[in-house]
>>> print(open('final.cif').read())   # mmCIF, C-alpha atoms
data_target
loop_
_atom_site.group_PDB
_atom_site.id
_atom_site.type_symbol
_atom_site.label_atom_id
_atom_site.label_comp_id
_atom_site.auth_asym_id
_atom_site.auth_seq_id
_atom_site.Cartn_x
_atom_site.Cartn_y
_atom_site.Cartn_z
ATOM 1 C CA MET A 1 0.000 0.000 0.000
ATOM 2 C CA ALA A 2 1.383 3.390 -0.980
ATOM 3 C CA LYS A 3 1.879 5.885 1.785
ATOM 4 C CA GLY A 4 1.506 9.646 1.476
ATOM 5 C CA HIS A 5 -0.768 11.924 -0.451
ATOM 6 C CA ARG A 6 -1.465 11.336 -4.133
ATOM 7 C CA SER A 7 0.504 14.440 -5.175
ATOM 8 C CA GLN A 8 3.488 13.302 -3.105
ATOM 9 C CA ILE A 9 3.397 9.876 -4.754
ATOM 10 C CA LYS A 10 3.280 11.504 -8.208
ATOM 11 C CA ARG A 11 6.188 13.795 -7.312
ATOM 12 C CA GLU A 12 8.314 10.820 -6.253
ATOM 13 C CA ARG A 13 7.399 8.898 -9.414
ATOM 14 C CA ASN A 14 8.314 11.856 -11.651
ATOM 15 C CA ALA A 15 11.640 12.308 -9.835
ATOM 16 C CA GLN A 16 12.645 8.800 -10.934
ATOM 17 C CA LYS A 17 11.575 9.446 -14.547
ATOM 18 C CA ASP A 18 14.150 8.987 -17.313
ATOM 19 C CA THR A 19 14.912 12.348 -18.979
ATOM 20 C CA ARG A 20 16.797 10.952 -21.969
ATOM 21 C CA PRO A 21 15.164 11.600 -25.367
ATOM 22 C CA SER A 22 13.300 8.625 -26.776
ATOM 23 C CA ALA A 23 10.731 7.524 -29.324
ATOM 24 C CA LYS A 24 8.329 4.598 -29.162
ATOM 25 C CA LEU A 25 6.418 2.811 -31.893
ATOM 26 C CA SER A 26 3.492 0.802 -30.548
ATOM 27 C CA TYR A 27 1.708 -2.001 -32.393
ATOM 28 C CA ALA A 28 4.308 -2.332 -35.162
ATOM 29 C CA ARG A 29 3.282 -5.156 -37.501
ATOM 30 C CA VAL A 30 6.587 -6.982 -37.207
ATOM 31 C CA SER A 31 7.569 -9.724 -34.785
ATOM 32 C CA VAL A 32 9.989 -9.037 -31.947
ATOM 33 C CA GLN A 33 12.582 -11.458 -33.347
ATOM 34 C CA LYS A 34 12.640 -9.754 -36.756
ATOM 35 C CA ALA A 35 12.841 -6.269 -35.214
ATOM 36 C CA CYS A 36 15.714 -7.333 -32.941
ATOM 37 C CA PHE A 37 17.923 -8.230 -35.921
ATOM 38 C CA VAL A 38 17.974 -4.556 -36.912
ATOM 39 C CA LEU A 39 18.026 -3.194 -33.345
ATOM 40 C CA ASP A 40 21.068 -5.299 -32.442
ATOM 41 C CA ALA A 41 22.933 -3.755 -35.396
ATOM 42 C CA ILE A 42 22.437 -0.145 -34.218
ATOM 43 C CA ARG A 43 22.720 -0.517 -30.426
ATOM 44 C CA GLY A 44 25.546 1.639 -29.031
ATOM 45 C CA LYS A 45 26.332 3.335 -32.359
ATOM 46 C CA ASP A 46 26.258 7.092 -32.958
ATOM 47 C CA VAL A 47 23.129 8.314 -34.753
ATOM 48 C CA GLN A 48 24.807 9.008 -38.124
ATOM 49 C CA THR A 49 26.181 5.457 -38.312
ATOM 50 C CA ALA A 50 22.874 4.004 -37.091
ATOM 51 C CA LEU A 51 20.943 5.917 -39.773
ATOM 52 C CA GLY A 52 23.332 4.611 -42.424
ATOM 53 C CA ILE A 53 22.875 1.035 -41.204
ATOM 54 C CA VAL A 54 19.056 1.123 -41.218
ATOM 55 C CA MET A 55 18.845 2.970 -44.562
ATOM 56 C CA TYR A 56 20.702 0.215 -46.408
ATOM 57 C CA ASN A 57 19.351 -2.753 -44.463
ATOM 58 C CA PRO A 58 17.026 -4.817 -46.682
ATOM 59 C CA ARG A 59 14.730 -5.967 -43.856
ATOM 60 C CA TYR A 60 11.177 -4.599 -43.542
ATOM 61 C CA ALA A 61 11.720 -3.689 -39.884
ATOM 62 C CA SER A 62 14.550 -1.331 -40.852
ATOM 63 C CA THR A 63 12.105 1.071 -42.564
ATOM 64 C CA LEU A 64 10.072 1.305 -39.345
ATOM 65 C CA ILE A 65 13.172 1.711 -37.192
ATOM 66 C CA GLU A 66 14.625 4.376 -39.524
ATOM 67 C CA LYS A 67 11.511 6.499 -39.087
ATOM 68 C CA LEU A 68 11.576 5.912 -35.320
ATOM 69 C CA LEU A 69 15.259 6.843 -35.076
ATOM 70 C CA LYS A 70 14.653 10.095 -36.971
ATOM 71 C CA SER A 71 11.807 10.869 -34.564
ATOM 72 C CA ALA A 72 14.050 10.250 -31.537
ATOM 73 C CA ILE A 73 16.728 12.543 -33.017
ATOM 74 C CA ALA A 74 14.132 15.279 -33.591
ATOM 75 C CA ASN A 75 12.905 14.856 -29.997
ATOM 76 C CA ALA A 76 16.477 15.253 -28.712
ATOM 77 C CA GLU A 77 17.090 18.410 -30.770
ATOM 78 C CA ASN A 78 13.750 20.150 -30.238
ATOM 79 C CA ASN A 79 12.683 19.067 -26.744
ATOM 80 C CA ASN A 80 16.027 18.587 -24.970
ATOM 81 C CA GLY A 81 18.212 21.021 -26.946
ATOM 82 C CA MET A 82 20.887 18.400 -27.614
ATOM 83 C CA ASN A 83 23.437 18.517 -30.431
ATOM 84 C CA ARG A 84 22.879 15.916 -33.173
ATOM 85 C CA ASP A 85 26.623 15.229 -33.534
ATOM 86 C CA ASN A 86 26.973 14.079 -29.905
ATOM 87 C CA LEU A 87 24.013 11.657 -29.860
ATOM 88 C CA TYR A 88 24.259 7.873 -29.768
ATOM 89 C CA VAL A 89 21.774 5.012 -29.360
ATOM 90 C CA ALA A 90 21.883 4.242 -25.630
ATOM 91 C CA GLU A 91 19.057 1.686 -25.600
ATOM 92 C CA CYS A 92 16.879 0.075 -28.216
ATOM 93 C CA TYR A 93 14.552 -2.832 -27.623
ATOM 94 C CA ALA A 94 11.363 -4.457 -28.862
ATOM 95 C CA ASN A 95 8.694 -5.756 -26.507
ATOM 96 C CA LYS A 96 5.985 -8.237 -27.398
ATOM 97 C CA GLY A 97 2.645 -6.757 -28.446
ATOM 98 C CA PRO A 98 -0.718 -8.394 -29.062
ATOM 99 C CA THR A 99 -1.069 -11.203 -31.575
ATOM 100 C CA MET A 100 -3.785 -11.308 -34.249
ATOM 101 C CA LYS A 101 -5.132 -14.816 -34.679
ATOM 102 C CA ARG A 102 -6.186 -15.851 -38.167
ATOM 103 C CA ILE A 103 -7.414 -19.157 -39.596
ATOM 104 C CA ARG A 104 -5.962 -20.909 -42.677
ATOM 105 C CA PRO A 105 -8.107 -23.606 -44.249
ATOM 106 C CA ARG A 106 -6.297 -26.901 -44.764
ATOM 107 C CA ALA A 107 -7.101 -30.295 -46.257
ATOM 108 C CA GLN A 108 -10.029 -32.412 -45.063
ATOM 109 C CA GLY A 109 -11.813 -29.559 -43.320
ATOM 110 C CA ARG A 110 -9.029 -28.783 -40.878
ATOM 111 C CA ALA A 111 -8.105 -25.257 -39.855
ATOM 112 C CA TYR A 112 -4.581 -24.132 -39.001
ATOM 113 C CA ARG A 113 -3.964 -21.026 -36.945
ATOM 114 C CA ILE A 114 -1.823 -18.196 -38.296
ATOM 115 C CA GLU A 115 -0.445 -15.801 -35.686
ATOM 116 C CA LYS A 116 0.345 -12.292 -36.907
ATOM 117 C CA ARG A 117 2.588 -10.885 -34.229
ATOM 118 C CA MET A 118 3.044 -7.253 -33.222
ATOM 119 C CA SER A 119 5.706 -5.487 -31.205
ATOM 120 C CA HIS A 120 6.356 -2.245 -29.338
ATOM 121 C CA ILE A 121 9.728 -0.792 -30.404
ATOM 122 C CA THR A 122 11.578 1.781 -28.252
ATOM 123 C CA ILE A 123 14.729 3.770 -28.996
ATOM 124 C CA VAL A 124 16.467 5.827 -26.280
ATOM 125 C CA LEU A 125 19.268 8.256 -27.188
ATOM 126 C CA ASP A 126 21.910 9.894 -25.018
ATOM 127 C CA GLU A 127 24.785 12.366 -25.385
ATOM 128 C CA LYS A 128 28.441 11.332 -25.339
#
>>> encode(input="final.cif", output="structure tokens")
Amino acid sequence: MAKGHRSQIKRERNAQKDTRPSAKLSYARVSVQKACFVLDAIRGKDVQTALGIVMYNPRYASTLIEKLLKSAIANAENNNGMNRDNLYVAECYANKGPTMKRIRPRAQGRAYRIEKRMSHITIVLDEK
């Protein structure tokens, strides 16, 4: 049970809040495993190198992550006043989202399930 007044609890929660610039894409129509191939390639790199990697990566997830990375860079410049040249990808991860269940007809009246997976992708930047 939380102790203290509601405003005090909110103040304590906001004090622990991460102030690094980030961008999140919810309900991306790509599975976590496929998104992680691209995310693993850019983790820890500076933003110029990371943009180059995702631009020329042939995977579908790289187009989503490129847009998300550009959004995180814009957030850092406009909201936090950071310099683009000093930014690097501090964290990037994909969490499991909901799964759409679909049915595929098969032989002899059987039905196989197709699972169309979604993910929530997050990119967090930081200054060197």
>>> closest_residue(input="final.cif", among="A:Asp126, A:Glu115, A:Glu91, A:Glu77", to="Ala41 in chain A", atoms="only C-alpha atoms")
A:Glu91
>>> residues_around(input="final.cif", residues="Lys34 in chain A", least_positions_apart="3", cutoff="9 Å", atoms="all atoms listed in the file", output="PyMOL selection string")
chain A and resi 30-31+37-38+59-61
>>> residues_around(input="final.cif", residues="Gln48 in chain A", least_positions_apart="6", cutoff="10 Å", atoms="only C-alpha atoms", output="list in words")
Arg84, Asp85, Asn86, Leu87 and Tyr88 of chain A
>>> write_last_selection(input="final.cif", atoms="C-alpha atoms", output="mmCIF file, in the frame of the given file")
data_model
loop_
_atom_site.group_PDB
_atom_site.id
_atom_site.type_symbol
_atom_site.label_atom_id
_atom_site.label_comp_id
_atom_site.auth_asym_id
_atom_site.auth_seq_id
_atom_site.Cartn_x
_atom_site.Cartn_y
_atom_site.Cartn_z
ATOM 1 C CA ARG A 84 22.879 15.916 -33.173
ATOM 2 C CA ASP A 85 26.623 15.229 -33.534
ATOM 3 C CA ASN A 86 26.973 14.079 -29.905
ATOM 4 C CA LEU A 87 24.013 11.657 -29.860
ATOM 5 C CA TYR A 88 24.259 7.873 -29.768
#
>>> residues_near_point(input="final.cif", point="(23.1, -1.1, -44.5)", cutoff="12 Å", atoms="only C-alpha atoms", output="mmCIF file with C-alpha atoms, in the frame of the given file")
data_model
loop_
_atom_site.group_PDB
_atom_site.id
_atom_site.type_symbol
_atom_site.label_atom_id
_atom_site.label_comp_id
_atom_site.auth_asym_id
_atom_site.auth_seq_id
_atom_site.Cartn_x
_atom_site.Cartn_y
_atom_site.Cartn_z
ATOM 1 C CA VAL A 38 17.974 -4.556 -36.912
ATOM 2 C CA ALA A 41 22.933 -3.755 -35.396
ATOM 3 C CA ILE A 42 22.437 -0.145 -34.218
ATOM 4 C CA THR A 49 26.181 5.457 -38.312
ATOM 5 C CA ALA A 50 22.874 4.004 -37.091
ATOM 6 C CA LEU A 51 20.943 5.917 -39.773
ATOM 7 C CA GLY A 52 23.332 4.611 -42.424
ATOM 8 C CA ILE A 53 22.875 1.035 -41.204
ATOM 9 C CA VAL A 54 19.056 1.123 -41.218
ATOM 10 C CA MET A 55 18.845 2.970 -44.562
ATOM 11 C CA TYR A 56 20.702 0.215 -46.408
ATOM 12 C CA ASN A 57 19.351 -2.753 -44.463
ATOM 13 C CA PRO A 58 17.026 -4.817 -46.682
ATOM 14 C CA ARG A 59 14.730 -5.967 -43.856
ATOM 15 C CA SER A 62 14.550 -1.331 -40.852
ATOM 16 C CA THR A 63 12.105 1.071 -42.564
ATOM 17 C CA GLU A 66 14.625 4.376 -39.524
#
>>> resolve_selection(input="final.cif", expression="the PyMOL selection byres ((chain A and resi 102) around 6)", output="list in words")
Lys101, Ile103, Arg113 and Ile114 of chain A
>>> atom_distance(input="final.cif", atom1="CA of Ser119 in chain A", atom2="CA of Ala74 in chain A")
22.5 Å
>>> resolve_selection(input="final.cif", expression="the PyMOL selection byres ((chain A and resi 3-19) around 12)", output="MDAnalysis selection string")
chainID A and resid 1:2 20:22 75:76 79:80 124:127
